[in-house]
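Enquirer: Attaching a single structure in structure tokens format; questions to follow.
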Amino acid sequence: MVESSELVHRIRRDFPILSRLENGKRLVYLDSAATSQRPVQVINAVKHFYEQMNSNVHRGLYEMSEEATQAYEDARSNIASFVGAKPEELVFTRNATEALNLVAYSWGRANVREGDVIVTTEMEHHSNFLPWKLLATEKNAKLEVVRITDEGLLDKGCLEEKLKLGPKIVAITHASNVLGTINDAKAIARKAKDAGAVCVLDGAQSVPHMPVNVKEIGCDFMAFSGHKMLGPMGIGGLYGRYELLEDMPPFLTGGEMIKEVHIGEVNWNDVPYKFEAGTPNVEGAIGLSEAVNYLRNLGMNWVRSHEKELTAYALSLMVNESSVHVYGPLDAEKRGGVISFNIDSVHAHDVAQILDTEGITIRSGHHCAMPIMDRYGIPAAARASFYIYNDKEDVEALIQGIKKVKRVFSVE
Amino acid sequence: MSDDLYRELILDHYRHPSNFGHLKDATGKYRDSNSNCGDVIQMEVRVKDGKIDDVMFTGVGCAVCIASASLLTENVKGKTVERVLEMGEPDVLGLLGLKSITPERGKCAMLPLKVLKMSLLQGQKQA
């Protein structure tokens, strides 16, 4: 068994960007919840595609196109198996946002009627909130929002109440991008099923950071983004239960997603191609497949335990820092490696900007989750997030940076 | 550049902003936010004989945004509406004592002027 710190040291060597300087300082990258960095293996896989087999897929009869098609479909199988799905149950999308919109537009429009109930929560990223809000408005359906507790956990009593309304859809995040909270996806999926609802999970912050198996969880849909899990930007996935995907109308229409088009009649293509109109992001899929190999090599259990260790360490230091407020559960067991915080009388922007002068990159703002900001009565928050290439030294740099912010703003 | 951003002028105006509050008999009022960061500024302005008679602001924002609003409200009193409508980024940076600003922080710095102009235009529409 390799020591964690030794392994992280080795991992860091695979990420060329980590050797760049930020404002003349060592780059301390703490914004992986926004987008992760990519290892050289992923960069090379995309480069290899461009240099050796760039051609359109599912079209050409020549060798190179066959190779590209094979590589694209191999990527689909590999990524599907990573989340425990069958290849035909994985639809490639641009990202989790598009995947969630696909479900809302396609399944939602076909199945939600006037007066129906859609359940979502206060801790959602806007991408798992707005599609449902729009759908509810369009269909004259009711959007019911499950509240969160002061600790930043889903209010279970409130969820039970909402489930009693007999919702058509229960759309919940697996892990919060602001509070870090990890929701009990399996229990939620079972309860949603018992209530007769389709369960949609936003896995954007869970699939990159912990073992996720859609069949074990028992959800109907799960969305995730490739760029948050070492893959390229512009590629993501939607897992959908096969029977549901089969019955669903297409989302976007055009090339690839049809079998036959005549002026009078159209036959849609098979699942999942029915949902992949137009030339897909082949190099993205190939890159993401390589990212999945990289994560699989490390083992998702290691990824989770490494991040838990860093989170527990960071939390232990931050709660002892005066004038610093941390949001979300303080128990690393209940949360992922995302820590949102504020410093008394300092705006999150100023926190981020001063940290940047020390080479520390964090996110600041409302994190596309304004209902959470409302819940805690704050306009914005600073957020540090960890991944496989971060270590305790990065956490310590963050704490030193926070001390600098307090000095600049004369905060005790 | 960013260390430069947190000089005493900006920090002072952030901690103790001038003209913070509401205005009686405002002739124009406008509120807007920065979609990315959630900075919110409201300007209340009173125009008399084509000149800014008084202006007050309220809002929540970062040091750059609040200092910009504070310095701007100090600066525009007594100026003609036409002159204020002609102001732009160089004027705001000048008030803040900055030579340049990154595009993201530029939005924070420019929000107060944008809102002030809107409050003036809104006042003109109502007059």
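Ordered as shown in the structure tokens, chains take letters A, B, and onward, while each chain numbers its residues from 1 and ligands are numbered from 1 in the order shown.
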Using only C-alpha atoms, I'd like every residue of chain B that has an atom within 8 Å of chain A; please write them out as a PyMOL selection string.
Expert: chain B and resi 2-3+6+11+36-39+60-63
Enquirer: For Lys114 of chain B, please output as a short mmCIF file (atom, residue, chain, number, x, y, z; two decimals) with C-alpha atoms, in the first residue's frame all residues within 12 Å (counting only C-alpha atoms; exclusion window: fewer than 6 positions along the same chain).
Expert:
```cif
data_model
loop_
_atom_site.label_atom_id
_atom_site.label_comp_id
_atom_site.auth_asym_id
_atom_site.auth_seq_id
_atom_site.Cartn_x
_atom_site.Cartn_y
_atom_site.Cartn_z
CA TYR B 30 -32.66 52.27 -9.83
CA ARG B 31 -31.42 48.91 -8.57
CA ASP B 32 -29.35 46.32 -10.41
CA SER B 33 -27.12 43.36 -9.65
CA ASN B 34 -24.12 41.59 -11.14
CA VAL B 40 -26.41 44.59 -5.64
CA ILE B 41 -26.46 48.40 -5.81
CA GLN B 42 -29.39 50.80 -5.57
CA MET B 43 -28.95 54.47 -6.37
CA CYS B 65 -17.97 47.72 -5.76
CA SER B 68 -16.65 52.64 -6.31
CA ALA B 69 -20.20 53.59 -5.26
CA LEU B 72 -18.70 58.00 -7.29
CA VAL B 84 -22.36 62.06 -15.60
CA LEU B 85 -23.96 60.22 -18.52
CA GLU B 86 -20.66 60.69 -20.39
CA MET B 87 -18.57 59.11 -17.61
CA GLY B 88 -16.97 55.73 -18.28
CA GLU B 89 -14.45 53.20 -17.02
CA VAL B 92 -14.24 55.20 -12.31
CA GLY B 106 -14.21 45.60 -13.79
CA LYS B 107 -17.85 44.56 -13.56
CA CYS B 108 -17.77 45.13 -9.78
CA LEU B 120 -30.82 59.42 -14.07
CA LEU B 121 -32.41 58.12 -17.26
#
```
Enquirer: Can you pull out every residue from segment 347-391 of chain A that DSSP, working from the backbone, puts in strand (DSSP E or B), and format the result as a PDB file with C-alpha atoms, in the first residue's frame?
Expert:
```pdb
ATOM      1  CA  ILE A 360      -4.538  29.933  -4.302  1.00  0.00           C
ATOM      2  CA  THR A 361      -7.466  29.614  -6.693  1.00  0.00           C
ATOM      3  CA  ARG A 363     -14.411  30.154  -6.440  1.00  0.00           C
ATOM      4  CA  SER A 364     -16.519  32.991  -5.070  1.00  0.00           C
ATOM      5  CA  GLY A 365     -20.079  34.027  -5.752  1.00  0.00           C
ATOM      6  CA  ALA A 381     -19.714  32.645  -0.380  1.00  0.00           C
ATOM      7  CA  ALA A 382     -16.125  31.638  -1.010  1.00  0.00           C
ATOM      8  CA  ARG A 383     -15.622  27.980  -1.884  1.00  0.00           C
ATOM      9  CA  ALA A 384     -12.547  25.761  -1.770  1.00  0.00           C
ATOM     10  CA  SER A 385     -12.822  22.279  -3.256  1.00  0.00           C
TER      11      SER A 385
END
```
Enquirer: Got a sec: who's within 10 Å of Met318 of chain A, counting only C-alpha atoms, leaving out chain neighbours fewer than 6 positions off, as JSON, numbers by chain?
Expert: {"A": [312, 324, 325, 326, 339, 341, 395, 398, 399, 402]}
Enquirer: Excluding same-chain residues fewer than 3 positions from Val8 of chain A, what lies within 9 Å of it counting only C-alpha atoms, as a tab-separated table (two decimals) with N, CA and C atoms, in the first residue's frame?
Expert:
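Result written to around27.tsv:
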```tsv
chain	number	residue	atom	x	y	z
A	3	GLU	N	1.78	5.05	0.53
A	3	GLU	CA	1.33	6.14	1.40
A	3	GLU	C	0.53	7.15	0.57
A	4	SER	N	-0.52	7.70	1.14
A	4	SER	CA	-1.37	8.64	0.42
A	4	SER	C	-0.56	9.83	-0.12
A	5	SER	N	0.32	10.37	0.72
A	5	SER	CA	1.07	11.56	0.29
A	5	SER	C	2.01	11.23	-0.86
A	11	ILE	N	0.65	11.45	-8.49
A	11	ILE	CA	-0.49	11.95	-9.27
A	11	ILE	C	-0.18	13.34	-9.81
A	12	ARG	N	0.36	14.18	-8.96
A	12	ARG	CA	0.63	15.58	-9.36
A	12	ARG	C	1.52	15.67	-10.59
A	13	ARG	N	2.42	14.70	-10.72
A	13	ARG	CA	3.33	14.71	-11.88
A	13	ARG	C	2.58	14.45	-13.19
A	388	ILE	N	-8.10	14.75	-6.28
A	388	ILE	CA	-7.04	13.76	-6.07
A	388	ILE	C	-5.63	14.34	-5.99
A	389	TYR	N	-5.41	15.52	-6.63
A	389	TYR	CA	-4.05	16.09	-6.67
A	389	TYR	C	-3.79	17.08	-5.55
A	390	ASN	N	-4.74	17.27	-4.66
A	390	ASN	CA	-4.52	18.18	-3.53
A	390	ASN	C	-3.97	17.41	-2.33
A	391	ASP	N	-3.22	18.13	-1.51
A	391	ASP	CA	-2.68	17.50	-0.30
A	391	ASP	C	-2.79	18.46	0.89
```
Enquirer: List the spatial neighbours of Pro249 of chain A as a ChimeraX atom specification - criterion: any atom at most 8 Å away, only C-alpha atoms, same-chain residues fewer than 3 positions off excluded.
Expert: /A:106-107,110
Enquirer: Just write the chosen residues, N, CA and C atoms, as a PDB file, in the first residue's frame.
Expert:
```
ATOM      1  N   SER A 106     -37.738  16.076 -22.449  1.00  0.00           N
ATOM      2  CA  SER A 106     -38.254  14.886 -23.114  1.00  0.00           C
ATOM      3  C   SER A 106     -39.231  14.104 -22.226  1.00  0.00           C
ATOM      4  N   TRP A 107     -38.725  13.565 -21.110  1.00  0.00           N
ATOM      5  CA  TRP A 107     -39.621  12.782 -20.240  1.00  0.00           C
ATOM      6  C   TRP A 107     -40.669  13.704 -19.619  1.00  0.00           C
ATOM      7  N   ALA A 110     -43.509  14.918 -21.930  1.00  0.00           N
ATOM      8  CA  ALA A 110     -44.395  13.835 -22.369  1.00  0.00           C
ATOM      9  C   ALA A 110     -45.250  13.295 -21.225  1.00  0.00           C
TER      10      ALA A 110
END
```
Enquirer: Write out as a PyMOL selection string the residues lying within 10 Å of His16 of chain B, counting only C-alpha atoms and excluding same-chain residues fewer than 3 positions away.
Expert: chain B and resi 10-13+19-20+66-67+70
Enquirer: Which residues, written as a PDB file with C-alpha atoms, in the first residue's frame, have at least one atom at most 6 Å from Thr93 of chain A, with only C-alpha atoms counted and residues fewer than 6 positions away on the same chain left out?
Expert:
```pdb
ATOM      1  CA  ALA A  99     -28.508  15.918 -19.342  1.00  0.00           C
ATOM      2  CA  ILE A 235     -18.728  16.051 -22.707  1.00  0.00           C
ATOM      3  CA  GLY A 236     -21.033  14.611 -20.083  1.00  0.00           C
ATOM      4  CA  GLY A 237     -23.502  11.853 -19.648  1.00  0.00           C
TER       5      GLY A 237
END
```
Enquirer: Go through chain B and collect every residue that DSSP, computed from the backbone, puts in helix (DSSP H, G or I); the answer should be as an MDAnalysis selection string.
Expert: chainID B and resid 2:5 8:15 63:76 81:86 89:96 103:126
Enquirer: In Å, with one decimal, what is the gap from atom CA of Val271 of chain A to atom CA of Ser81 of chain A?
Expert: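 Computing it gives 16.7 Å between the two atoms.
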Enquirer: From the list B:Lys99, B:Lys29, B:Lys24, B:Arg7, which residue is nearest Lys125 of chain B when using only C-alpha atoms?
Expert: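 Of B:Lys99, B:Lys29, B:Lys24, B:Arg7, the one nearest Lys125 of chain B is B:Lys29, counting only C-alpha atoms.
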